[in-house]
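Peer 1: The structure that follows is given in the form of structure tokens.
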Amino acid sequence: MGAPPTPVTAGVPLRPGPGVPPADRALTRPRRRLLAAAAALVALAAVGAGSLLDLRTPAPRPADAPAGEFSATRAYEDVQVIAARSHVAGSPANDQVRAHVEQQLRGLGLETEVQDTVAPEAGQLSGAAGGATLARVRNVVARLPGTDPTGRVFLVAHYDSVQTGPGGNDDAAGTSAILEVARALTTGPRPRNDIVFVLTDAEEACLCGAAAFAASHPLAADGGVVLNLEARGSTGPVIMFETSKNNAKLVDVFGRAAPHPVGTSFAVEIYRALPNDTDFTAFLDQKFVGLNSAYIDGGAIYHTPLDTPAAMDRSSLQQHGDNALGLAREFGRTDLTDLRSGYDATYFPVPGGLVRYPGWLVLPLALLAVLAVAALGWLTRRSGRASTGQLAAGFGLALGPIVAAPVAAQLLWLAITAIRPGYAELLDPYRPIWYRMAVLALAAAILFTLYALVRRRIGPAALAVGGLAWLALLGVLLAVAVPGGAYLTTLPALAGALGGLVALRTRQTGPWPVVAVTAAAAVGVVILLPTVVLLFPALGMAMGGVAALVAVLLGLTALPVVDLLHPQAGGQRGLVALRARRLAVLPAGAAALAAVVLAGVGLAVDRFDAAHPAPTHLMYALDAGTGQARWLSHETDPQPWTDGYVDGVASVADDFPGLGDAELRAGPAQAANLPAPKLDVLADTSAGGERTLRLRLTPQRAVRLATLHVDTATATVVRAEVAGRPVPVEPRAGRWGFGLVFHAPPPEGVEVTLTLRPIAAQVALRAMDASDGLDALPGFRPRPPAVGVVGSHSSEMLAVARTYPL
């Protein structure tokens with residue numbers, strides 16, 4: 001006999017009595033299940049496609065584009081000049097780039113100057129491995145005067161490159177974009193506010209150019225709005241990833257004035273927590289407000305010889321320029337006296353624009369989502385879809401994929417890097433798409449497996465409510481700890497709960513329950529799918545577990561739609577039930593197989609070759625006093641080429657304190673005939689129990705940096721000046737208790753004044769300088785075509801040191 005019909009009161013089915021299995025325990029009960037599933041999936045696919053298409057970069061405009069528009073083709077001509085070769089700060093090549101930039105700005109009729117000064121690292125930090133850091137910088141500064149200024153707008157990019165690459169993207173992209181924006185602005189009516197174009201020096205070394213401008217240039221004295229343009233890859237959408245605090249009004253301008261606004265408050269929260277810096281940091285230190293933008297995909301070439309003009313995606317350059325020009329014009333006519341809002345905004349991209357709302361709404365929305373999910377749970381129980389125990393089980397089981405998917409993604413990447421160790425030295429593989437898809441397939445396999453195993457016993461309604469409950473609780477946690485990221489779970493949870501409530505309160509066999517849960521899932525797709533796509537290049541495959549986590553959260557929002565792919569959850573017996581269980585595992589099996597296949601395709605496609613070389617790291621260090629030399633590498637698992645130079649682990653902190661105190665791989669090397677930097681005593685006086693040494697540190701060859709360290713066993717530094725500028729005296733661990741690093745030292749050397757205590761008969765100082773390029777060294781074997789240079793500030797470094805007893 002069949003089960004008796006479920007009684008109904010006030011239009012709501014009551015929970016069936018003990019032992020009475022419901023015919024279906026899902027939030028929806030469409031008559032034509034497969035048709036409903038197909039329609040829902042097509043709708044979600046369309047929404048997802050629209051969300052991803054909105055992240056597309058615009059087509060580059062041609063050279064004959066209207067004068068008032070940004071043309072990536074015109075800007076690319078400057079890229080080719082700027083990134084013709086590596087141009088590290090202080091090098092003759094950098095002098096040529098600076099001359100070109102200055103000529104272009106003067107040619108536009110702008111008031112142009114070069115700020116030539118010595119500057120400390122941003123924030124006077126001792127962030128470099130060797131100690132307090134300074135540099136000689138030469139910033140190019142140009143001004144377009146406003147008609148009735150309420151403040152100044154600063155467009156900032158750095159024109160120097162790393163020593164290992166020409167900087168075709170980092171940051172020829174930003175520099176060329178600013179030159180093209182300057183040209184476009186000078187062809188039209190003058191703005192209300194001053195527009196200042198700042199092309200900084202020594203960003204790669206220490207952010208010292210930006211620090212010098214923000215702290216001491218007259219145009220920066222009153223602060224203003226900063227728009228910093230960067231690149232950390234070669235392609236992809238330009239993301240506005242960092243803001244000053246209390247950013248609501250800035251974000252509002254960005255949302256309405258940038259033609260292609262891609263940015264999330266979650267990215268801002270992540271970046272604030274990371275130990276990363278750009279020139280924007282130096283301006284924030286001086287209380288400027290502003291926005292920081294970059295394109296970040298294609299990170300494998302970052303800081304490498306492959307970062308050439310040819311590697312640049314000109315569509316990304318077009319987006320950079322379009323946004324910079326639109327924002328410069330909007331801030332150029334805005335009253336800049338009141339841009340601090342008192343709070344941060346929550347914002348994220350959707351097709352056609354940028355959603356934004358005030359940060360003070362974050363916690364109330366998170367709490368509202370919790371209440372909505374609780375109401376859904378109550379109605380699910382009352383309607384007979386699940387018991388209290390099933391709801392509790394659904395909540396507990398939903399945690400499984402939230403934990404398992406990120407762990408599995410990290411284990412997958414560990415396995416892949418074990419097969420291909422060279423990936424450990426890259427921000428991302430050269431062709432990462434296959435691996436990214438493998439992570440998504442793996443996350444889907446884990447979610448589908450859980451669903452297939454427990455759906456019949458727990459019920460789809462209980463699992464759906466459990467997944468939404470975790471989203472809502474994560475929303476509260478994020479609202480407290482990371483407010484800018486709370487929307488990622490709060491809004492999908494709120495939409496899912498409202499969709500579920502509508503589904504339960506409408507006619508179950510009609511189309512509206514399916515429409516309701518599909519619309520709710522669409523909210524999750526719009527919010528979470530672009531986040532997954534942007535997280536992969538932002539964090540790299542080494543942190544692919546974060547993208548897997550967000551992918552699982554997306555899956556949890558869509559569980560009621562996923563359920564439509566399965567037979568009815570209840571009422572089956574015998575062979576019908578067995579067949580239903582077998583069908584339920586098909587999605588999980590297909591996703592797991594896809595993960596394996598995609599990872600395999602990635603390994604087959606993304607092989608190291610001449611165009612995509614395996615990254616290696618090698619340095620050479622010579623003690624000119626003892627004549628001993630060593631090859632050094634920071635590779636933890638040296639690749640075959642590097643293995644030919646290094647054979648063990650060693651610390652060089654005592655011999656080469658300018659290289660830091662990390663353990664490195666080391667091997668013996670032939671001594672080259674190279675001079676150490678010269679250290680001359682200009683004055684040596686004693687008074688009041690202190691000894692003051694005035695010294696000149698002069699490199700004897702063309703170098704990128706020079707360092708000086710004092711042996712703590714002989715004296716303690718109590719005060720220090722470099723080029724007449726005080727520097728922080730922060731004791732360091734180890735033998736060399738005080739150290740300083742000077743980038744781009746001038747040929748005449750650098751004057752250093754040290755005040756020491758106690759007065760000692762002899763003080764030991766260690767001087768070192770470093771150049772770039774190993775080709776001329778004895779014993780060096782050139783890299784084969786498939787072996788490249790890792791993007792590191794110490795790659796290819798040639799260091800020479802000597803101890804001077806004074």
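Identifiers in this document derive from the order of the structure tokens: chains are assigned A, B, ..., residues are numbered from 1 separately in each chain, and ligands are numbered from 1 in order of occurrence.
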Report as a VMD selection string all protein, DNA and RNA residues lying within 6 Å of Trp631 in chain A, evaluated on only C-alpha atoms, omitting residues in the same chain fewer than 6 positions from it.
Peer 2: chain A and resid 619 to 620 666 to 667 669
Peer 1: Residues as selected, all heavy atoms, written as an mmCIF file, in the first residue's frame, can you do that?
Peer 2:
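Output (result-v5.cif):
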data_model
loop_
_atom_site.group_PDB
_atom_site.id
_atom_site.type_symbol
_atom_site.label_atom_id
_atom_site.label_comp_id
_atom_site.auth_asym_id
_atom_site.auth_seq_id
_atom_site.Cartn_x
_atom_site.Cartn_y
_atom_site.Cartn_z
ATOM 1 N N MET A 619 73.724 33.596 -8.181
ATOM 2 C CA MET A 619 74.496 34.787 -7.839
ATOM 3 C C MET A 619 75.971 34.401 -7.721
ATOM 4 O O MET A 619 76.316 33.221 -7.591
ATOM 5 C CB MET A 619 74.028 35.372 -6.499
ATOM 6 C CG MET A 619 72.612 35.864 -6.450
ATOM 7 S SD MET A 619 72.249 36.678 -4.855
ATOM 8 C CE MET A 619 72.213 35.257 -3.754
ATOM 9 N N TYR A 620 76.805 35.422 -7.709
ATOM 10 C CA TYR A 620 78.250 35.227 -7.514
ATOM 11 C C TYR A 620 78.697 36.207 -6.445
ATOM 12 O O TYR A 620 78.361 37.396 -6.492
ATOM 13 C CB TYR A 620 78.992 35.497 -8.831
ATOM 14 C CG TYR A 620 80.503 35.420 -8.754
ATOM 15 C CD1 TYR A 620 81.168 34.215 -8.965
ATOM 16 C CD2 TYR A 620 81.263 36.559 -8.491
ATOM 17 C CE1 TYR A 620 82.563 34.138 -8.920
ATOM 18 C CE2 TYR A 620 82.658 36.492 -8.443
ATOM 19 C CZ TYR A 620 83.296 35.283 -8.654
ATOM 20 O OH TYR A 620 84.674 35.217 -8.609
ATOM 21 N N ALA A 666 75.087 26.909 -1.973
ATOM 22 C CA ALA A 666 76.390 27.495 -2.278
ATOM 23 C C ALA A 666 77.306 26.457 -2.898
ATOM 24 O O ALA A 666 77.142 25.248 -2.707
ATOM 25 C CB ALA A 666 77.020 28.063 -1.015
ATOM 26 N N GLY A 667 78.279 26.963 -3.640
ATOM 27 C CA GLY A 667 79.292 26.116 -4.243
ATOM 28 C C GLY A 667 80.526 26.932 -4.550
ATOM 29 O O GLY A 667 80.453 28.163 -4.701
ATOM 30 N N ALA A 669 83.635 28.817 -6.380
ATOM 31 C CA ALA A 669 83.764 29.499 -7.668
ATOM 32 C C ALA A 669 85.175 30.040 -7.811
ATOM 33 O O ALA A 669 85.881 30.273 -6.824
ATOM 34 C CB ALA A 669 82.752 30.645 -7.756
#
Peer 1: Could you name the residues that touch Gly50 in chain A at 12 Å or less, counting only C-alpha atoms, but leaving out those on the same chain fewer than 4 positions away, as an NGL selection string?
Peer 2: :A and (43-46 or 54-56 or 349-352 or 522 or 525-527 or 529-530)
Peer 1: Do you know which residues are at most 10 Å from Pro66 in chain A counting only C-alpha atoms, after dropping those on the same chain fewer than 5 positions away, and could you put them as a ChimeraX atom specification?
Peer 2: /A:61,71,184
Peer 1: Hey, can you spit out that residue selection with N, CA and C atoms as a PDB file, in the first residue's frame?
Peer 2:
ATOM      1  N   ARG A  61      42.654  50.765 -29.415  1.00  0.00           N
ATOM      2  CA  ARG A  61      42.304  51.747 -30.443  1.00  0.00           C
ATOM      3  C   ARG A  61      43.510  52.014 -31.344  1.00  0.00           C
ATOM      4  N   SER A  71      44.691  55.907 -27.012  1.00  0.00           N
ATOM      5  CA  SER A  71      45.008  54.912 -28.034  1.00  0.00           C
ATOM      6  C   SER A  71      46.155  54.033 -27.549  1.00  0.00           C
ATOM      7  N   ALA A 184      46.309  63.300 -24.352  1.00  0.00           N
ATOM      8  CA  ALA A 184      44.870  63.471 -24.533  1.00  0.00           C
ATOM      9  C   ALA A 184      44.337  64.648 -23.727  1.00  0.00           C
TER      10      ALA A 184
END
Peer 1: Considering only C-alpha atoms, return as a short mmCIF file (atom, residue, chain, number, x, y, z; two decimals) with C-alpha atoms, in the first residue's frame whatever protein or nucleic-acid residues lie within 9 Å of Val253 in chain A, sequence-local ones (same chain, fewer than 3 positions apart) excluded.
Peer 2:
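Listed below is the output, part.cif:
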data_model
loop_
_atom_site.label_atom_id
_atom_site.label_comp_id
_atom_site.auth_asym_id
_atom_site.auth_seq_id
_atom_site.Cartn_x
_atom_site.Cartn_y
_atom_site.Cartn_z
CA ALA A 248 33.49 55.40 -0.35
CA LYS A 249 33.62 58.66 -2.31
CA LEU A 250 36.69 57.53 -4.25
CA ARG A 256 30.92 56.15 -12.59
CA ALA A 257 34.03 57.55 -14.32
CA ALA A 258 36.15 54.51 -15.20
CA LEU A 327 39.36 59.15 -13.77
CA GLU A 330 36.47 63.24 -13.40
CA PHE A 331 38.81 64.07 -10.54
#
Peer 1: Given only C-alpha atoms as the basis, pick out the residue of A:Leu695, A:Gln628, A:Pro191, A:Pro746 nearest to Thr117 in chain A.
Peer 2: A:Pro746
Peer 1: As a ChimeraX atom specification, list the residues of range 245-437 of chain A assigned to strand (DSSP E or B) by DSSP on the backbone atoms of this structure.
Peer 2: /A:263,289-297,345-350,353-358
Peer 1: Please save N, CA and C atoms of the selected residues as a PDB file, in the first residue's frame.
Peer 2:
ATOM      1  N   GLY A 263      36.977  45.996  -9.955  1.00  0.00           N
ATOM      2  CA  GLY A 263      37.603  46.134  -8.646  1.00  0.00           C
ATOM      3  C   GLY A 263      36.679  45.574  -7.586  1.00  0.00           C
ATOM      4  N   VAL A 289      45.150  60.422  -0.665  1.00  0.00           N
ATOM      5  CA  VAL A 289      44.071  59.481  -0.953  1.00  0.00           C
ATOM      6  C   VAL A 289      44.223  59.034  -2.401  1.00  0.00           C
ATOM      7  N   GLY A 290      43.604  57.914  -2.753  1.00  0.00           N
ATOM      8  CA  GLY A 290      43.714  57.508  -4.141  1.00  0.00           C
ATOM      9  C   GLY A 290      43.404  56.057  -4.394  1.00  0.00           C
ATOM     10  N   LEU A 291      43.720  55.644  -5.634  1.00  0.00           N
ATOM     11  CA  LEU A 291      43.398  54.323  -6.146  1.00  0.00           C
ATOM     12  C   LEU A 291      44.634  53.724  -6.807  1.00  0.00           C
ATOM     13  N   ASN A 292      44.807  52.420  -6.651  1.00  0.00           N
ATOM     14  CA  ASN A 292      45.949  51.704  -7.210  1.00  0.00           C
ATOM     15  C   ASN A 292      45.427  50.616  -8.137  1.00  0.00           C
ATOM     16  N   SER A 293      45.908  50.573  -9.372  1.00  0.00           N
ATOM     17  CA  SER A 293      45.366  49.656 -10.376  1.00  0.00           C
ATOM     18  C   SER A 293      46.490  48.923 -11.102  1.00  0.00           C
ATOM     19  N   ALA A 294      46.189  47.694 -11.523  1.00  0.00           N
ATOM     20  CA  ALA A 294      47.162  46.902 -12.271  1.00  0.00           C
ATOM     21  C   ALA A 294      46.454  45.776 -12.990  1.00  0.00           C
ATOM     22  N   TYR A 295      47.059  45.286 -14.070  1.00  0.00           N
ATOM     23  CA  TYR A 295      46.633  44.000 -14.622  1.00  0.00           C
ATOM     24  C   TYR A 295      47.653  42.968 -14.173  1.00  0.00           C
ATOM     25  N   ILE A 296      47.171  41.734 -13.886  1.00  0.00           N
ATOM     26  CA  ILE A 296      48.004  40.790 -13.138  1.00  0.00           C
ATOM     27  C   ILE A 296      48.070  39.388 -13.724  1.00  0.00           C
ATOM     28  N   ASP A 297      47.357  39.119 -14.793  1.00  0.00           N
ATOM     29  CA  ASP A 297      47.430  37.773 -15.362  1.00  0.00           C
ATOM     30  C   ASP A 297      48.694  37.651 -16.211  1.00  0.00           C
ATOM     31  N   ALA A 345      33.712  51.618   1.388  1.00  0.00           N
ATOM     32  CA  ALA A 345      32.585  51.066   0.638  1.00  0.00           C
ATOM     33  C   ALA A 345      32.808  49.583   0.390  1.00  0.00           C
ATOM     34  N   THR A 346      31.723  48.858   0.277  1.00  0.00           N
ATOM     35  CA  THR A 346      31.756  47.494  -0.252  1.00  0.00           C
ATOM     36  C   THR A 346      31.390  47.588  -1.731  1.00  0.00           C
ATOM     37  N   TYR A 347      32.156  46.946  -2.575  1.00  0.00           N
ATOM     38  CA  TYR A 347      31.889  47.068  -4.012  1.00  0.00           C
ATOM     39  C   TYR A 347      32.419  45.842  -4.752  1.00  0.00           C
ATOM     40  N   PHE A 348      31.811  45.580  -5.919  1.00  0.00           N
ATOM     41  CA  PHE A 348      32.224  44.453  -6.749  1.00  0.00           C
ATOM     42  C   PHE A 348      31.626  44.652  -8.137  1.00  0.00           C
ATOM     43  N   PRO A 349      32.242  44.040  -9.160  1.00  0.00           N
ATOM     44  CA  PRO A 349      31.755  44.238 -10.523  1.00  0.00           C
ATOM     45  C   PRO A 349      30.565  43.349 -10.848  1.00  0.00           C
ATOM     46  N   VAL A 350      29.649  43.878 -11.620  1.00  0.00           N
ATOM     47  CA  VAL A 350      28.540  43.120 -12.198  1.00  0.00           C
ATOM     48  C   VAL A 350      28.446  43.542 -13.658  1.00  0.00           C
ATOM     49  N   GLY A 353      28.581  47.426 -14.827  1.00  0.00           N
ATOM     50  CA  GLY A 353      28.998  48.436 -13.868  1.00  0.00           C
ATOM     51  C   GLY A 353      29.565  47.862 -12.589  1.00  0.00           C
ATOM     52  N   LEU A 354      29.504  48.691 -11.542  1.00  0.00           N
ATOM     53  CA  LEU A 354      30.093  48.351 -10.256  1.00  0.00           C
ATOM     54  C   LEU A 354      29.035  48.555  -9.174  1.00  0.00           C
ATOM     55  N   VAL A 355      28.676  47.491  -8.473  1.00  0.00           N
ATOM     56  CA  VAL A 355      27.758  47.608  -7.336  1.00  0.00           C
ATOM     57  C   VAL A 355      28.550  48.140  -6.149  1.00  0.00           C
ATOM     58  N   ARG A 356      28.000  49.085  -5.420  1.00  0.00           N
ATOM     59  CA  ARG A 356      28.676  49.624  -4.250  1.00  0.00           C
ATOM     60  C   ARG A 356      27.642  50.046  -3.214  1.00  0.00           C
ATOM     61  N   TYR A 357      27.977  49.817  -1.970  1.00  0.00           N
ATOM     62  CA  TYR A 357      27.110  50.266  -0.879  1.00  0.00           C
ATOM     63  C   TYR A 357      27.992  50.552   0.330  1.00  0.00           C
ATOM     64  N   PRO A 358      27.515  51.373   1.271  1.00  0.00           N
ATOM     65  CA  PRO A 358      28.361  51.814   2.387  1.00  0.00           C
ATOM     66  C   PRO A 358      28.756  50.673   3.309  1.00  0.00           C
TER      67      PRO A 358
END
Peer 1: Skipping near chain neighbours, those fewer than 5 positions away, what residues fall within 12 Å of Val42 in chain A using only C-alpha atoms, listed as a VMD selection string?
Peer 2: chain A and resid 35 to 37 47 to 49 518 522 561
Peer 1: Can you write just those residues out, all heavy atoms, as an mmCIF file, in the first residue's frame?
Peer 2:
data_model
loop_
_atom_site.group_PDB
_atom_site.id
_atom_site.type_symbol
_atom_site.label_atom_id
_atom_site.label_comp_id
_atom_site.auth_asym_id
_atom_site.auth_seq_id
_atom_site.Cartn_x
_atom_site.Cartn_y
_atom_site.Cartn_z
ATOM 1 N N LEU A 35 13.552 18.864 -17.840
ATOM 2 C CA LEU A 35 13.323 20.114 -18.551
ATOM 3 C C LEU A 35 13.616 21.310 -17.645
ATOM 4 O O LEU A 35 14.252 22.289 -18.062
ATOM 5 C CB LEU A 35 11.872 20.180 -19.046
ATOM 6 C CG LEU A 35 11.478 21.459 -19.809
ATOM 7 C CD1 LEU A 35 12.342 21.608 -21.055
ATOM 8 C CD2 LEU A 35 9.994 21.408 -20.167
ATOM 9 N N ALA A 36 13.185 21.224 -16.388
ATOM 10 C CA ALA A 36 13.470 22.299 -15.435
ATOM 11 C C ALA A 36 14.967 22.436 -15.201
ATOM 12 O O ALA A 36 15.498 23.556 -15.127
ATOM 13 C CB ALA A 36 12.756 22.017 -14.121
ATOM 14 N N ALA A 37 15.656 21.303 -15.091
ATOM 15 C CA ALA A 37 17.108 21.344 -14.894
ATOM 16 C C ALA A 37 17.802 21.999 -16.073
ATOM 17 O O ALA A 37 18.683 22.848 -15.900
ATOM 18 C CB ALA A 37 17.639 19.929 -14.677
ATOM 19 N N VAL A 47 24.029 33.706 -17.358
ATOM 20 C CA VAL A 47 24.423 34.711 -16.365
ATOM 21 C C VAL A 47 25.933 34.664 -16.144
ATOM 22 O O VAL A 47 26.605 35.707 -16.075
ATOM 23 C CB VAL A 47 23.672 34.472 -15.042
ATOM 24 C CG1 VAL A 47 24.238 35.345 -13.928
ATOM 25 C CG2 VAL A 47 22.192 34.751 -15.216
ATOM 26 N N GLY A 48 26.483 33.456 -16.018
ATOM 27 C CA GLY A 48 27.920 33.324 -15.824
ATOM 28 C C GLY A 48 28.712 33.865 -17.000
ATOM 29 O O GLY A 48 29.725 34.560 -16.818
ATOM 30 N N ALA A 49 28.238 33.562 -18.218
ATOM 31 C CA ALA A 49 28.928 34.074 -19.404
ATOM 32 C C ALA A 49 28.898 35.593 -19.433
ATOM 33 O O ALA A 49 29.904 36.247 -19.756
ATOM 34 C CB ALA A 49 28.286 33.499 -20.659
ATOM 35 N N THR A 518 16.571 29.394 -9.058
ATOM 36 C CA THR A 518 17.525 29.727 -10.128
ATOM 37 C C THR A 518 17.952 31.184 -10.026
ATOM 38 O O THR A 518 19.142 31.516 -10.184
ATOM 39 C CB THR A 518 16.910 29.445 -11.503
ATOM 40 O OG1 THR A 518 16.505 28.076 -11.568
ATOM 41 C CG2 THR A 518 17.900 29.731 -12.614
ATOM 42 N N ALA A 522 21.641 32.607 -9.374
ATOM 43 C CA ALA A 522 22.237 33.573 -10.297
ATOM 44 C C ALA A 522 22.959 34.677 -9.542
ATOM 45 O O ALA A 522 23.995 35.188 -9.998
ATOM 46 C CB ALA A 522 21.163 34.163 -11.204
ATOM 47 N N VAL A 561 19.487 23.958 -7.584
ATOM 48 C CA VAL A 561 19.500 23.754 -9.032
ATOM 49 C C VAL A 561 20.221 22.455 -9.367
ATOM 50 O O VAL A 561 19.794 21.687 -10.244
ATOM 51 C CB VAL A 561 20.165 24.954 -9.736
ATOM 52 C CG1 VAL A 561 20.297 24.687 -11.235
ATOM 53 C CG2 VAL A 561 19.359 26.221 -9.486
#
Peer 1: Looking at only C-alpha atoms, which of A:Leu491, A:Phe608, A:Gly500, A:Ile458 is the one that sits closest to Thr388 in chain A?
Peer 2: A:Ile458
Peer 1: Could you pull out all residues of range 451-672 of chain A with a DSSP call of helix (DSSP H, G or I) and give them as a ChimeraX atom specification?
Peer 2: /A:451-458,460-481,483-485,487-505,512-539,541-557,559-563,574-584,586-605,640-643,657-659
Peer 1: Return the single residue from A:Gly555, A:Gly131, A:Gly724, A:Gly299 that is closest to Leu426 in chain A, with distances computed using only C-alpha atoms.
Peer 2: A:Gly299
Peer 1: Need to verify the contact set: range 643-647 of chain A, 6 Å, only C-alpha atoms, exclusion of same-chain residues closer than 2 positions in sequence. Can you return it as a list in words?
Peer 2: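 Everything that qualifies: Pro638, Gln639, Pro640, Trp641, Arg665, Ala666 and Gly667 of chain A.
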Peer 1: With a distance cut-off of 10 Å and only C-alpha atoms, select the neighbouring residues of Asp148 in chain A, excluding the residue or stretch itself and same-chain residues fewer than 3 positions from it, and output the selection as a PyMOL selection string.
Peer 2: chain A and resi 145+151+190-194+333
